[in-house]
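Visitor: One structure, pasted below without further comment.
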Amino acid sequence: MTPEDLQTALARALALAADGLAAPGAAEAPVEVVPPRRPELGDWSTTAALRAAARPSGRLDLAEHICAHLRSLPEVASADIAGPGFVNITLTPAARAQVALDIITAADAVSEPTLRSGSLGDAGSLPAGRVVADTGQVASVDASAVRPLQLGHAAVCREERRAHAAGITTEQVDASSLAHPTEVRLLNALAAIPAALDRSRRRKRGEPLLTGLSEVSAAIEDWLGHCRVTPTIDEDITARHASRLVLARAAIIVLAAGLRQLGASAPERI
């Protein structure tokens with residue numbers, strides 16, 4: 001489940017709100033879904049109840065209605081109210097990891113994948129870091145700014161080569177096994193890239209996309225320091241290793257496509 005999927009679910013929740021609970025037209029207005037301030041609060045957070053309530057006194061009631069709707073979705077593990085009406089959302093491990101599978105599926109459909117912003121249902125553009133053929137470049141940025149991204153790309157490419165050499169395949173993947181905190185961070189960083197790309201396109205500046213990709217690169221470094229894609233010599237290859245190989249491939253695709261959007265190369269070895 002992606003932030004775009006959650007936006008659709010939130011719009012549906014607002015449309016189903018009882019009369020007088022949500023402001024008129026609330027379901028048609030943009031719904032913001034962002035990472036929470038602290039990872040322990042969940043995967044995503046929204047101020048939908050604060051912004052869409054028909055009156056300030058009804059914010060908590062609307063937040064509870066939104067939480068109840070989200071909890072009914074199989075992809076949502078929990079939805080909780082914080083403060084005056086913030087809603088924090090935690091996805092199930094399998095729903096969170098679906099972004100990696102979608103990235104790879106979309107990349108396989110094109111010859112040279114690059115990022116493209118857009119909304120679900122548009123055949124020309126797919127959300128959540130999924131890739132389509134789009135040669136448009138957002139902007140060029142200073143070479144020193146993209147160097148950490150190139151290092152992150154080379155590092156995860158190296159890990160992928162090691163996994164292939166060890167005989168790991170992606171035939172038996174258990175996406176729900178990608179539940180380590182560093183894996184959660186990386187998956188959510190990948191899922192946040194389309195929104196960063198949208199901001200870069202609207203502002204005609206590369207910095208929002210660069211910031212999003214920098215979080216992906218930092219998350220890769222953190223992940224590789226804690227989770228082995230390739231097992232040690234006395235370990236058996238399991239579905240967990242296959243799933244981590246999928247995550248590595250998704251990270252490679254997004255970083256490479258993002259670097260091209262910024263007018264930079266994506267070296268596999270540095």
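In the structure tokens, chains take letters A, B, ... by order of appearance, with residues numbered from 1 within each chain and ligands from 1 in the order shown.
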Name the residues in contact with stretch 23-25 of chain A at a cut-off of 8 Å, using only C-alpha atoms, excluding same-chain residues fewer than 4 positions from it; report them as a PyMOL selection string.
Guide: chain A and resi 29+52-55
Visitor: Can you write just those residues out, N, CA and C atoms, as an mmCIF file, in the first residue's frame?
Guide:
data_model
loop_
_atom_site.group_PDB
_atom_site.id
_atom_site.type_symbol
_atom_site.label_atom_id
_atom_site.label_comp_id
_atom_site.auth_asym_id
_atom_site.auth_seq_id
_atom_site.Cartn_x
_atom_site.Cartn_y
_atom_site.Cartn_z
ATOM 1 N N ALA A 29 -10.956 17.469 -1.979
ATOM 2 C CA ALA A 29 -9.751 18.276 -1.737
ATOM 3 C C ALA A 29 -8.535 17.365 -1.580
ATOM 4 N N ALA A 52 -10.332 18.770 7.375
ATOM 5 C CA ALA A 52 -11.606 18.502 6.711
ATOM 6 C C ALA A 52 -12.810 18.545 7.633
ATOM 7 N N ALA A 53 -12.601 18.677 8.938
ATOM 8 C CA ALA A 53 -13.740 18.696 9.860
ATOM 9 C C ALA A 53 -14.638 19.895 9.582
ATOM 10 N N ALA A 54 -15.930 19.668 9.672
ATOM 11 C CA ALA A 54 -16.878 20.752 9.414
ATOM 12 C C ALA A 54 -16.755 21.850 10.465
ATOM 13 N N ARG A 55 -16.345 21.472 11.672
ATOM 14 C CA ARG A 55 -16.144 22.450 12.744
ATOM 15 C C ARG A 55 -15.040 21.935 13.659
#
Visitor: Write out as JSON lines the residues of stretch 200-248 of chain A that have any atom within 10 Å of an atom of stretch 83-106 of chain A, one row each with the nearest atom pair and its distance in Å to one decimal, counting only C-alpha atoms, sorted by chain and then rising number.
Guide:
{"residue": "A:Ser243", "atom": "CA", "partner": "A:Ala97", "partner_atom": "CA", "distance": 9.2}
{"residue": "A:Arg244", "atom": "CA", "partner": "A:Ala100", "partner_atom": "CA", "distance": 9.9}
{"residue": "A:Val246", "atom": "CA", "partner": "A:Ala100", "partner_atom": "CA", "distance": 6.8}
{"residue": "A:Leu247", "atom": "CA", "partner": "A:Ala100", "partner_atom": "CA", "distance": 5.8}
{"residue": "A:Ala248", "atom": "CA", "partner": "A:Ala100", "partner_atom": "CA", "distance": 8.8}
Visitor: Select, from A:His241, A:His65, A:Arg59, A:Arg269, the residue with the minimum atom-to-atom distance to A:Ile168, counting only C-alpha atoms.
Guide: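 Going through A:His241, A:His65, A:Arg59, A:Arg269 one by one, the smallest distance to A:Ile168 is for A:His241.
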Visitor: Between A:Ser57, A:Ser200, A:Ser78, A:Thr182, which is the closest to A:Ala219 once you count only C-alpha atoms?
Guide: A:Thr182
Visitor: Could you tell me how far atom CA of A:His69 lies from atom CA of A:Pro36, in Å and to one decimal?
Guide: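 Taking atom CA of A:His69 as the start and atom CA of A:Pro36 as the end point, the length is 19.6 Å.
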Visitor: My list of candidates is A:Ala143, A:Val138, A:Ala18, A:Ala196. Which is closest to A:Glu64 when distances are computed with only C-alpha atoms?
Guide: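 Closest residue, counting only C-alpha atoms: A:Ala18.
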Visitor: May I have all residues of stretch 142-264 of chain A that DSSP, computed from the backbone, assigns to alpha helix (DSSP H), given as a PyMOL selection string?
Guide: chain A and resi 143-165+181-191+193-203+207-226+239-261
Visitor: Using only C-alpha atoms, which protein or nucleic acid residues come within 9 Å of A:Leu14? Drop anything in the same chain fewer than 6 positions from it, and give the result as a PyMOL selection string.
Guide: chain A and resi 21-23+26-28+48-49+52+62+65-66
